[in-house]
>>> print(open('query-v3.csv').read())   # CSV, C-alpha atoms
chain,number,residue,atom,x,y,z
A,1,PRO,CA,4.0,-16.9,20.0
A,2,LYS,CA,2.4,-20.3,19.1
A,3,THR,CA,1.4,-19.1,15.7
A,4,ALA,CA,4.2,-16.7,14.8
A,5,ARG,CA,7.7,-16.7,13.5
A,6,TRP,CA,10.2,-13.9,14.0
A,7,GLY,CA,12.7,-13.1,11.4
A,8,THR,CA,12.5,-16.1,9.1
A,9,LEU,CA,10.0,-17.5,6.7
A,10,PRO,CA,8.4,-21.0,6.9
A,11,HIS,CA,10.1,-23.8,5.0
A,12,PRO,CA,8.8,-27.1,3.7
A,13,GLY,CA,9.2,-28.8,7.1
A,14,THR,CA,7.3,-26.2,9.0
A,15,SER,CA,4.1,-27.5,10.6
A,16,PRO,CA,1.0,-25.3,9.7
A,17,VAL,CA,-0.5,-23.3,12.5
A,18,LEU,CA,-3.9,-23.6,10.8
A,19,MET,CA,-5.5,-25.6,8.0
A,20,VAL,CA,-8.3,-24.2,5.9
A,21,GLY,CA,-10.3,-25.1,2.9
A,22,ASP,CA,-10.2,-23.5,-0.5
A,23,ARG,CA,-11.8,-20.0,-0.5
A,24,ALA,CA,-11.7,-19.8,3.2
A,25,THR,CA,-11.5,-16.5,4.9
A,26,VAL,CA,-8.9,-16.0,7.6
A,27,THR,CA,-8.5,-13.1,10.1
A,28,VAL,CA,-5.0,-12.5,11.5
A,29,ASP,CA,-4.1,-10.1,14.2
A,30,THR,CA,-0.7,-8.9,13.0
A,31,VAL,CA,2.0,-7.4,15.2
A,32,SER,CA,4.6,-4.8,14.2
A,33,HIS,CA,8.2,-5.5,15.0
A,34,GLU,CA,8.8,-1.8,15.9
A,35,GLY,CA,8.9,-1.5,19.7
A,36,ILE,CA,9.9,-5.1,20.4
A,37,LEU,CA,13.3,-5.4,18.7
A,38,GLU,CA,16.6,-5.8,20.6
A,39,ASP,CA,17.9,-2.4,19.8
A,40,GLN,CA,14.6,-1.0,21.2
A,41,GLY,CA,15.0,-2.9,24.4
A,42,ARG,CA,12.6,-5.8,23.5
A,43,ASP,CA,10.2,-4.2,26.0
A,44,PRO,CA,7.3,-2.5,24.2
A,45,VAL,CA,5.7,-1.1,27.4
A,46,ARG,CA,8.9,0.7,28.3
A,47,PHE,CA,9.7,1.7,24.6
A,48,PHE,CA,6.3,3.2,23.8
A,49,GLY,CA,6.0,4.6,27.3
A,50,ALA,CA,8.9,6.9,26.5
A,51,TYR,CA,6.6,8.4,23.9
A,52,GLY,CA,3.7,8.8,26.3
A,53,VAL,CA,1.8,5.7,25.4
A,54,ALA,CA,-0.1,4.2,28.4
A,55,GLU,CA,0.7,0.6,29.3
A,56,ARG,CA,-2.9,-0.4,28.6
A,57,ASP,CA,-2.5,0.8,25.0
A,58,VAL,CA,0.4,-1.5,24.3
A,59,LEU,CA,-0.8,-4.7,22.7
A,60,THR,CA,-0.7,-7.9,24.8
A,61,ASP,CA,0.5,-10.0,21.9
A,62,ALA,CA,3.4,-7.6,21.2
A,63,ARG,CA,4.4,-8.0,24.9
A,64,ASP,CA,4.0,-11.8,24.7
A,65,ILE,CA,6.2,-12.1,21.6
A,66,ALA,CA,8.8,-9.7,22.9
A,67,SER,CA,9.2,-11.8,26.1
A,68,SER,CA,8.8,-15.2,24.4
A,69,ALA,CA,11.5,-17.8,23.5
A,70,LEU,CA,10.9,-17.3,19.7
A,71,GLU,CA,14.2,-17.8,18.1
A,72,ARG,CA,15.7,-14.9,16.1
A,73,ASP,CA,19.3,-14.2,15.1
A,74,PRO,CA,19.5,-10.4,14.9
A,75,ASP,CA,22.6,-10.6,12.7
A,76,ALA,CA,21.1,-13.0,10.1
A,77,ASP,CA,17.4,-12.9,10.4
A,78,GLY,CA,14.9,-10.2,9.5
A,79,PRO,CA,13.0,-8.1,12.0
A,80,HIS,CA,9.5,-9.1,10.9
A,81,VAL,CA,7.0,-11.1,12.9
A,82,VAL,CA,5.0,-13.3,10.6
A,83,THR,CA,1.9,-15.5,11.3
A,84,GLY,CA,1.8,-18.8,9.6
A,85,PRO,CA,2.1,-21.0,7.7
A,86,ILE,CA,-1.6,-21.5,6.9
A,87,ALA,CA,-2.2,-24.6,4.8
A,88,VAL,CA,-4.9,-24.5,2.1
A,89,THR,CA,-6.5,-27.8,1.2
A,90,GLY,CA,-5.7,-28.9,-2.3
A,91,ALA,CA,-2.9,-26.4,-3.0
A,92,ALA,CA,0.1,-27.9,-4.8
A,93,PRO,CA,3.2,-26.8,-6.6
A,94,GLY,CA,2.2,-25.4,-10.0
A,95,ASP,CA,-1.0,-23.8,-8.7
A,96,LEU,CA,-1.6,-20.2,-7.9
A,97,LEU,CA,-2.8,-19.0,-4.5
A,98,LYS,CA,-5.0,-16.0,-4.9
A,99,VAL,CA,-4.8,-13.8,-1.7
A,100,GLU,CA,-7.6,-11.3,-1.5
A,101,THR,CA,-7.3,-8.6,1.2
A,102,LEU,CA,-10.9,-8.2,2.4
A,103,SER,CA,-10.4,-5.8,5.3
A,104,LEU,CA,-7.7,-4.0,7.4
A,105,TYR,CA,-8.4,-2.4,10.8
A,106,ARG,CA,-6.0,-0.5,13.0
A,107,ARG,CA,-5.1,-2.1,16.3
A,108,ALA,CA,-3.4,0.9,17.7
A,109,ASP,CA,-3.5,4.7,17.3
A,110,TYR,CA,0.3,5.1,16.9
A,111,GLY,CA,3.2,3.6,15.0
A,112,ILE,CA,6.9,4.0,14.3
A,113,VAL,CA,9.1,5.0,11.4
A,114,SER,CA,12.7,3.8,11.9
A,115,SER,CA,16.1,4.3,10.2
A,116,ARG,CA,18.8,1.9,11.1
A,117,HIS,CA,21.8,-0.2,10.0
A,118,GLY,CA,22.6,2.2,7.1
A,119,ARG,CA,20.0,0.4,4.9
A,120,GLY,CA,17.9,3.2,3.7
A,121,ALA,CA,18.1,5.1,0.4
A,122,LEU,CA,20.9,7.3,1.8
A,123,PRO,CA,23.0,4.9,3.9
A,124,ASP,CA,26.0,7.3,4.0
A,125,SER,CA,23.9,10.1,5.6
A,126,PHE,CA,21.2,8.4,7.7
A,127,PRO,CA,20.7,7.6,10.5
A,128,ALA,CA,22.8,10.6,11.4
A,129,PRO,CA,24.9,10.3,14.5
A,130,ASP,CA,24.0,13.9,15.5
A,131,THR,CA,20.2,13.4,15.2
A,132,ALA,CA,18.5,15.8,17.6
A,133,GLU,CA,16.0,14.1,19.9
A,134,SER,CA,12.5,15.4,20.4
A,135,ALA,CA,9.2,14.3,21.7
A,136,ALA,CA,8.7,12.3,18.5
A,137,THR,CA,12.3,11.2,17.6
A,138,ARG,CA,14.7,9.2,19.7
A,139,ARG,CA,18.2,8.0,18.9
A,140,LEU,CA,18.8,4.6,20.3
A,141,PRO,CA,22.1,3.3,21.8
A,142,SER,CA,22.5,1.1,18.6
A,143,GLY,CA,22.5,4.3,16.5
A,144,ALA,CA,19.0,3.6,15.1
A,145,VAL,CA,16.6,6.5,15.0
A,146,SER,CA,12.9,5.9,15.7
A,147,THR,CA,10.2,8.5,15.0
A,148,PHE,CA,6.9,8.2,16.8
A,149,CYS,CA,3.8,8.9,14.7
A,150,GLU,CA,0.4,9.4,16.3
A,151,VAL,CA,-2.9,8.7,14.4
A,152,GLN,CA,-5.4,11.6,14.5
A,153,VAL,CA,-8.8,12.0,12.8
A,154,ASP,CA,-9.5,15.1,10.9
A,155,GLY,CA,-12.8,17.0,10.7
A,156,LYS,CA,-14.1,14.7,8.0
A,157,GLY,CA,-13.4,11.6,10.0
A,158,ARG,CA,-10.3,10.6,8.0
A,159,PRO,CA,-7.4,9.1,9.9
A,160,LEU,CA,-4.1,10.9,9.4
A,161,GLY,CA,-0.5,10.1,10.5
A,162,VAL,CA,1.1,13.0,12.3
A,163,ILE,CA,4.8,13.6,12.6
A,164,PRO,CA,5.6,16.8,14.7
A,165,TYR,CA,8.7,18.8,13.9
A,166,GLY,CA,10.4,21.9,15.1
A,167,THR,CA,9.7,23.7,18.3
A,168,THR,CA,6.5,25.6,17.3
A,169,GLY,CA,4.0,22.9,17.3
A,170,ARG,CA,4.2,22.3,13.6
A,171,ALA,CA,3.6,18.8,12.1
A,172,ALA,CA,3.4,16.9,8.9
A,173,ARG,CA,0.0,15.3,8.4
A,174,PHE,CA,-0.6,12.6,5.8
A,175,PRO,CA,-3.4,10.2,4.9
A,176,LEU,CA,-3.2,6.6,6.0
A,177,ARG,CA,-3.4,3.8,3.5
A,178,PRO,CA,-3.0,0.5,5.4
A,179,PHE,CA,-1.6,-2.6,3.7
A,180,MET,CA,0.4,-5.7,4.6
A,181,GLY,CA,4.0,-5.5,3.7
A,182,VAL,CA,4.6,-9.3,3.9
A,183,MET,CA,2.2,-11.7,2.2
A,184,GLY,CA,3.7,-14.9,0.8
A,185,VAL,CA,3.7,-18.6,0.3
A,186,THR,CA,6.3,-21.0,1.8
A,187,PRO,CA,9.4,-21.1,-0.4
A,188,ALA,CA,10.7,-24.5,-1.5
A,189,ASP,CA,14.1,-23.8,0.1
A,190,GLU,CA,14.9,-26.4,2.7
A,191,GLN,CA,16.5,-23.8,5.0
A,192,PRO,CA,14.4,-20.9,6.4
A,193,LEU,CA,14.9,-17.7,4.6
A,194,SER,CA,15.2,-14.2,6.1
A,195,THR,CA,12.0,-12.2,6.0
A,196,VAL,CA,13.8,-9.3,4.5
A,197,PRO,CA,14.2,-9.9,0.7
A,198,PRO,CA,11.1,-10.6,-1.3
A,199,GLY,CA,11.2,-13.2,-4.1
A,200,ARG,CA,9.1,-15.6,-6.3
A,201,HIS,CA,7.4,-16.6,-3.0
A,202,GLY,CA,6.2,-13.1,-2.4
A,203,GLY,CA,7.1,-12.2,1.1
A,204,ASN,CA,8.3,-8.7,1.9
A,205,LEU,CA,7.0,-7.1,-1.3
A,206,ASP,CA,6.1,-3.8,0.3
A,207,VAL,CA,3.8,-2.9,-2.7
A,208,LYS,CA,1.5,-0.2,-1.2
A,209,VAL,CA,-1.2,-0.5,-3.8
A,210,LEU,CA,-2.0,-4.1,-2.5
A,211,ASP,CA,-4.4,-2.7,0.1
A,212,THR,CA,-8.0,-3.5,1.0
A,213,GLY,CA,-10.0,-4.8,-2.0
A,214,THR,CA,-7.0,-6.1,-4.0
A,215,ALA,CA,-5.7,-9.5,-4.8
A,216,LEU,CA,-2.1,-11.0,-4.9
A,217,TYR,CA,-1.4,-14.0,-7.0
A,218,LEU,CA,1.4,-16.2,-5.8
A,219,PRO,CA,2.9,-19.4,-7.4
A,220,VAL,CA,2.6,-22.2,-5.0
A,221,GLN,CA,5.9,-24.0,-4.2
A,222,VAL,CA,4.9,-26.6,-1.5
A,223,GLU,CA,1.9,-28.7,-0.7
A,224,GLY,CA,-0.8,-26.6,1.0
A,225,ALA,CA,0.8,-23.4,-0.1
A,226,GLY,CA,1.8,-22.3,3.4
A,227,PHE,CA,0.5,-18.7,3.4
A,228,TYR,CA,1.9,-16.3,5.9
A,229,THR,CA,1.6,-12.6,6.6
A,230,GLY,CA,3.1,-9.8,8.7
A,231,ASP,CA,4.9,-6.4,8.5
A,232,PRO,CA,1.7,-4.4,8.8
A,233,HIS,CA,1.8,-0.7,7.6
A,234,TYR,CA,-0.5,2.2,8.2
A,235,ALA,CA,1.2,4.2,5.4
A,236,GLN,CA,4.2,4.0,3.0
A,237,GLY,CA,5.6,6.2,0.3
A,238,ASN,CA,6.8,4.5,-2.8
A,239,GLY,CA,10.5,3.8,-2.1
A,240,GLU,CA,10.2,3.4,1.7
A,241,VAL,CA,13.4,5.4,1.7
A,242,ALA,CA,14.2,5.7,5.4
A,243,LEU,CA,14.1,1.8,5.7
A,244,THR,CA,10.6,1.4,7.3
A,245,ALA,CA,7.1,2.6,6.5
A,246,LEU,CA,4.8,3.8,9.2
A,247,GLU,CA,4.9,0.4,11.0
A,248,ALA,CA,1.9,-0.4,13.2
A,249,PRO,CA,-0.4,-3.4,13.9
A,250,LEU,CA,-3.4,-4.4,11.8
A,251,ARG,CA,-6.2,-6.9,12.0
A,252,ALA,CA,-6.2,-8.3,8.4
A,253,THR,CA,-8.9,-10.6,6.8
A,254,PHE,CA,-8.0,-12.5,3.7
A,255,ARG,CA,-9.7,-14.9,1.4
A,256,LEU,CA,-7.4,-17.7,0.1
A,257,THR,CA,-8.3,-19.4,-3.2
A,258,VAL,CA,-6.5,-22.1,-5.1
A,259,LEU,CA,-6.3,-21.6,-8.8
A,260,LYS,CA,-5.4,-24.6,-10.9
A,261,GLY,CA,-4.6,-25.1,-14.6
A,262,ALA,CA,-7.0,-23.1,-16.8
A,263,ALA,CA,-8.3,-21.1,-13.9
A,264,ALA,CA,-4.8,-19.8,-13.1
A,265,ARG,CA,-4.3,-19.1,-16.8
A,266,ARG,CA,-7.5,-17.1,-17.0
A,267,ALA,CA,-6.4,-15.0,-14.0
A,268,VAL,CA,-2.9,-14.0,-15.0
A,269,GLY,CA,-1.9,-15.8,-18.2
A,270,LEU,CA,1.6,-17.3,-18.1
A,271,ILE,CA,2.8,-15.2,-15.1
A,272,ASP,CA,4.7,-17.3,-12.7
A,273,THR,CA,5.9,-14.6,-10.3
A,274,PRO,CA,3.9,-12.5,-7.8
A,275,PHE,CA,1.3,-10.4,-9.6
A,276,GLY,CA,-1.3,-8.0,-8.2
A,277,GLU,CA,-4.8,-6.9,-9.1
A,278,SER,CA,-6.9,-4.0,-7.9
A,279,GLU,CA,-10.3,-2.8,-8.9
A,280,THR,CA,-8.7,-0.4,-11.4
A,281,HIS,CA,-5.3,-1.9,-12.3
A,282,TRP,CA,-3.3,-5.0,-12.9
A,283,VAL,CA,0.0,-4.8,-11.0
A,284,ALA,CA,3.1,-6.5,-12.5
A,285,ILE,CA,5.9,-6.8,-10.0
A,286,GLY,CA,9.6,-6.8,-10.7
A,287,LEU,CA,12.3,-7.9,-8.2
A,288,HIS,CA,16.1,-7.7,-8.3
A,289,GLU,CA,19.0,-6.6,-6.2
A,290,ASP,CA,19.7,-4.0,-8.9
A,291,LEU,CA,16.9,-1.4,-9.2
A,292,ASN,CA,17.4,-1.1,-13.0
A,293,GLU,CA,17.0,-4.9,-13.3
A,294,ALA,CA,13.9,-4.8,-11.1
A,295,MET,CA,12.4,-2.2,-13.5
A,296,ARG,CA,13.2,-4.5,-16.4
A,297,ALA,CA,11.7,-7.5,-14.6
A,298,ALA,CA,8.5,-5.5,-14.1
A,299,VAL,CA,8.3,-4.6,-17.8
A,300,ARG,CA,8.8,-8.3,-18.7
A,301,ALA,CA,6.1,-9.4,-16.3
A,302,ALA,CA,3.7,-6.8,-17.8
A,303,LEU,CA,4.6,-7.9,-21.3
A,304,THR,CA,4.0,-11.6,-20.3
A,305,PHE,CA,0.6,-10.6,-19.0
A,306,LEU,CA,-0.5,-8.5,-22.0
A,307,THR,CA,0.6,-11.1,-24.5
A,308,SER,CA,-0.4,-14.4,-22.8
A,309,ARG,CA,-3.7,-13.2,-21.2
A,310,VAL,CA,-4.9,-10.1,-23.0
A,311,GLY,CA,-3.8,-11.3,-26.4
A,312,MET,CA,-1.7,-8.3,-27.5
A,313,ASP,CA,1.3,-8.9,-29.8
A,314,ALA,CA,4.6,-8.1,-28.1
A,315,ALA,CA,5.3,-5.0,-30.2
A,316,SER,CA,1.9,-3.5,-29.5
A,317,ALA,CA,2.2,-4.4,-25.8
A,318,TYR,CA,5.6,-2.7,-25.5
A,319,ALA,CA,4.3,0.4,-27.2
A,320,TYR,CA,1.3,0.5,-24.9
A,321,LEU,CA,3.4,0.2,-21.8
A,322,SER,CA,5.5,3.1,-23.0
A,323,ALA,CA,2.5,5.3,-23.7
A,324,ALA,CA,0.2,4.5,-20.9
A,325,ALA,CA,1.6,2.3,-18.0
A,326,ASP,CA,3.1,3.7,-14.9
A,327,LEU,CA,6.2,2.1,-13.3
A,328,GLU,CA,6.6,2.9,-9.6
A,329,ILE,CA,9.4,2.1,-7.2
A,330,SER,CA,7.9,-0.2,-4.6
A,331,GLN,CA,10.9,-0.1,-2.2
A,332,VAL,CA,14.7,0.3,-2.3
A,333,VAL,CA,15.5,-1.0,1.2
A,334,ASP,CA,14.9,-4.8,1.3
A,335,GLN,CA,18.1,-6.1,-0.3
A,336,VAL,CA,16.0,-7.3,-3.2
A,337,GLN,CA,14.5,-4.1,-4.6
A,338,GLY,CA,11.1,-3.7,-6.2
A,339,VAL,CA,9.3,-2.0,-9.0
A,340,HIS,CA,5.7,-2.4,-9.9
A,341,CYS,CA,4.0,-1.6,-13.2
A,342,LEU,CA,0.4,-0.4,-13.1
A,343,ILE,CA,-1.8,-1.3,-16.1
A,344,ARG,CA,-5.2,0.4,-16.2
A,345,LYS,CA,-8.0,-2.1,-16.7
A,346,SER,CA,-10.1,0.6,-18.4
A,347,ASP,CA,-7.5,0.8,-21.2
A,348,ILE,CA,-7.9,-2.9,-22.1
A,349,GLY,CA,-11.6,-3.5,-21.9
A,350,GLU,CA,-13.0,-7.0,-21.6
A,351,LEU,CA,-10.5,-9.8,-21.6
A,352,PRO,CA,-10.9,-12.5,-24.3
A,353,SER,CA,-12.8,-15.6,-23.1
A,354,GLU,CA,-10.4,-17.8,-25.0
A,355,ILE,CA,-6.8,-17.5,-23.9
A,356,PRO,CA,-4.4,-17.0,-26.8
A,357,LEU,CA,-1.6,-19.5,-27.2
A,358,GLN,CA,1.9,-18.2,-27.8
A,359,LYS,CA,4.2,-19.6,-30.5
A,360,GLY,CA,5.6,-22.9,-29.5
A,361,GLU,CA,3.2,-23.3,-26.6
A,362,PHE,CA,1.2,-26.5,-26.1
A,363,MET,CA,-2.1,-27.0,-24.4
A,364,SER,CA,-3.7,-30.4,-23.9
A,365,ASP,CA,-7.1,-31.1,-25.4
A,366,THR,CA,-8.7,-31.4,-22.0
A,367,THR,CA,-7.4,-28.0,-20.8
A,368,ALA,CA,-8.2,-26.3,-24.1
A,369,SER,CA,-11.8,-27.6,-24.0
A,370,ALA,CA,-12.1,-26.4,-20.5
A,371,VAL,CA,-10.8,-22.9,-21.4
A,372,CYS,CA,-13.3,-22.6,-24.3
A,373,ALA,CA,-16.1,-23.7,-22.1
A,374,GLY,CA,-15.1,-21.3,-19.3
A,375,THR,CA,-14.7,-24.0,-16.7
A,376,GLU,CA,-11.7,-25.2,-14.8
A,377,GLY,CA,-9.6,-27.9,-16.5
A,378,THR,CA,-6.7,-30.0,-15.5
A,379,PRO,CA,-3.3,-28.4,-14.8
>>> encode(input="query-v3.csv", output="structure tokens")
Amino acid sequence: PKTARWGTLPHPGTSPVLMVGDRATVTVDTVSHEGILEDQGRDPVRFFGAYGVAERDVLTDARDIASSALERDPDADGPHVVTGPIAVTGAAPGDLLKVETLSLYRRADYGIVSSRHGRGALPDSFPAPDTAESAATRRLPSGAVSTFCEVQVDGKGRPLGVIPYGTTGRAARFPLRPFMGVMGVTPADEQPLSTVPPGRHGGNLDVKVLDTGTALYLPVQVEGAGFYTGDPHYAQGNGEVALTALEAPLRATFRLTVLKGAAARRAVGLIDTPFGESETHWVAIGLHEDLNEAMRAAVRAALTFLTSRVGMDAASAYAYLSAAADLEISQVVDQVQGVHCLIRKSDIGELPSEIPLQKGEFMSDTTASAVCAGTEGTP
């Protein structure tokens, strides 16, 4: 409880729970909100016990947070438990914070998928008031429906999520792909924001490709950046249609790097919104309350990257995106909806060492010299 927040993001007046240097690695034991929320009794031992989970297998920190005095307004705040803010030495507004996810480890062998509040993709139909209860699915007094999902390992040692259905022992089994749903920097807003909608600060992006071995670039808004994380997932389908993914706790290790001036420009060009990178793809992220507008925002971000960093002219970049890029729905359930555009690195080849200027753009002599020399210049 001393290093966590519940339902709201840090704001400029929030004291950091940890201060680290540039390029520091940080390990965070994250906690899922599922099993500790008010409509689930705020008692994870009792809640998970109803699914057959032994008390010893319920995380101590989940119990501590559920029984703590952490402030949360269920009517206004989000459900997520976030750890932070973590201040990074030297980070300032105008910089980029590069968040590399180095490793993710399961902290439990079970999780929950929930549908509640009519906030999924089919709010008129789910959660259904006549939902039949089973060993895996429970309908709570609030009307929410929680489905228990066990983690099993197949014959090849691969972990699978298992959701039983019917009365004949059948089950849906699917591969796990852990990732952190919430990764962000502290917004400049003076009042704490809900953890639910993502934004320029990142936050509840729910982009499932941002898993182990990927990087997320976030525009810094306050001194020290104020990184935070939470909402751990074991698996999620694009869309997250029921409202939640397979929510379950992870131990996450990140490297936090401050990129200034030319170094930021070399990473993502003129992008000033959250932007991802994996070993194989660049990931342009679009956010908007309207899903169509989120798609357009993702296309614009992809165009900005291709023109300002790769050096393509706008017409060629637009044609390339139409011919080769994949736009995927990140999620449709977080008030602000998300679409991400996947750009294959293998299609582009080596990036230019000199970053092309756009018409009307000015770069100082100091920065231009640094870019040409391949070293970091002034912002």
>>> residues_around(input="query-v3.csv", residues="A:Val82", least_positions_apart="3", cutoff="8 Å", atoms="only C-alpha atoms", output="PDB file with C-alpha atoms, in the coordinates of the input")
ATOM      1  CA  ALA A   4       4.200 -16.700  14.800  1.00  0.00           C
ATOM      2  CA  ARG A   5       7.700 -16.700  13.500  1.00  0.00           C
ATOM      3  CA  TRP A   6      10.200 -13.900  14.000  1.00  0.00           C
ATOM      4  CA  GLY A   7      12.700 -13.100  11.400  1.00  0.00           C
ATOM      5  CA  LEU A   9      10.000 -17.500   6.700  1.00  0.00           C
ATOM      6  CA  THR A  30      -0.700  -8.900  13.000  1.00  0.00           C
ATOM      7  CA  VAL A 182       4.600  -9.300   3.900  1.00  0.00           C
ATOM      8  CA  TYR A 228       1.900 -16.300   5.900  1.00  0.00           C
ATOM      9  CA  THR A 229       1.600 -12.600   6.600  1.00  0.00           C
ATOM     10  CA  GLY A 230       3.100  -9.800   8.700  1.00  0.00           C
ATOM     11  CA  ASP A 231       4.900  -6.400   8.500  1.00  0.00           C
TER      12      ASP A 231
END
>>> closest_residue(input="query-v3.csv", among="A:Gly202, A:Gly118, A:Gly166, A:Pro85", to="A:Ala242", atoms="all atoms listed in the file")
A:Gly118
>>> closest_atom_pairs(input="query-v3.csv", of="stretch 149-191 of chain A", to="stretch 254-262 of chain A", cutoff="12 Å", atoms="all atoms listed in the file", output="CSV")
residue,atom,partner,partner_atom,distance
A:Phe179,CA,A:Phe254,CA,11.8
A:Met180,CA,A:Phe254,CA,10.8
A:Met183,CA,A:Phe254,CA,10.3
A:Gly184,CA,A:Leu256,CA,11.5
A:Val185,CA,A:Leu256,CA,11.1
>>> closest_residue(input="query-v3.csv", among="A:Cys149, A:Val268, A:Ala225, A:Val207", to="A:Leu327", atoms="only C-alpha atoms")
A:Val207
>>> closest_residue(input="query-v3.csv", among="A:Asp130, A:Pro10, A:Gly120, A:Leu102", to="A:Val81", atoms="only C-alpha atoms")
A:Pro10
>>> closest_residue(input="query-v3.csv", among="A:Ala264, A:Val113, A:Ile343, A:Val45", to="A:Gly161", atoms="all atoms listed in the file")
A:Val113
>>> closest_residue(input="query-v3.csv", among="A:His201, A:His117, A:Arg170, A:Arg177", to="A:Pro74", atoms="all atoms listed in the file")
A:His117
>>> atom_distance(input="query-v3.csv", atom1="atom CA of A:Arg63", atom2="atom CA of A:Gly35")
9.5 Å
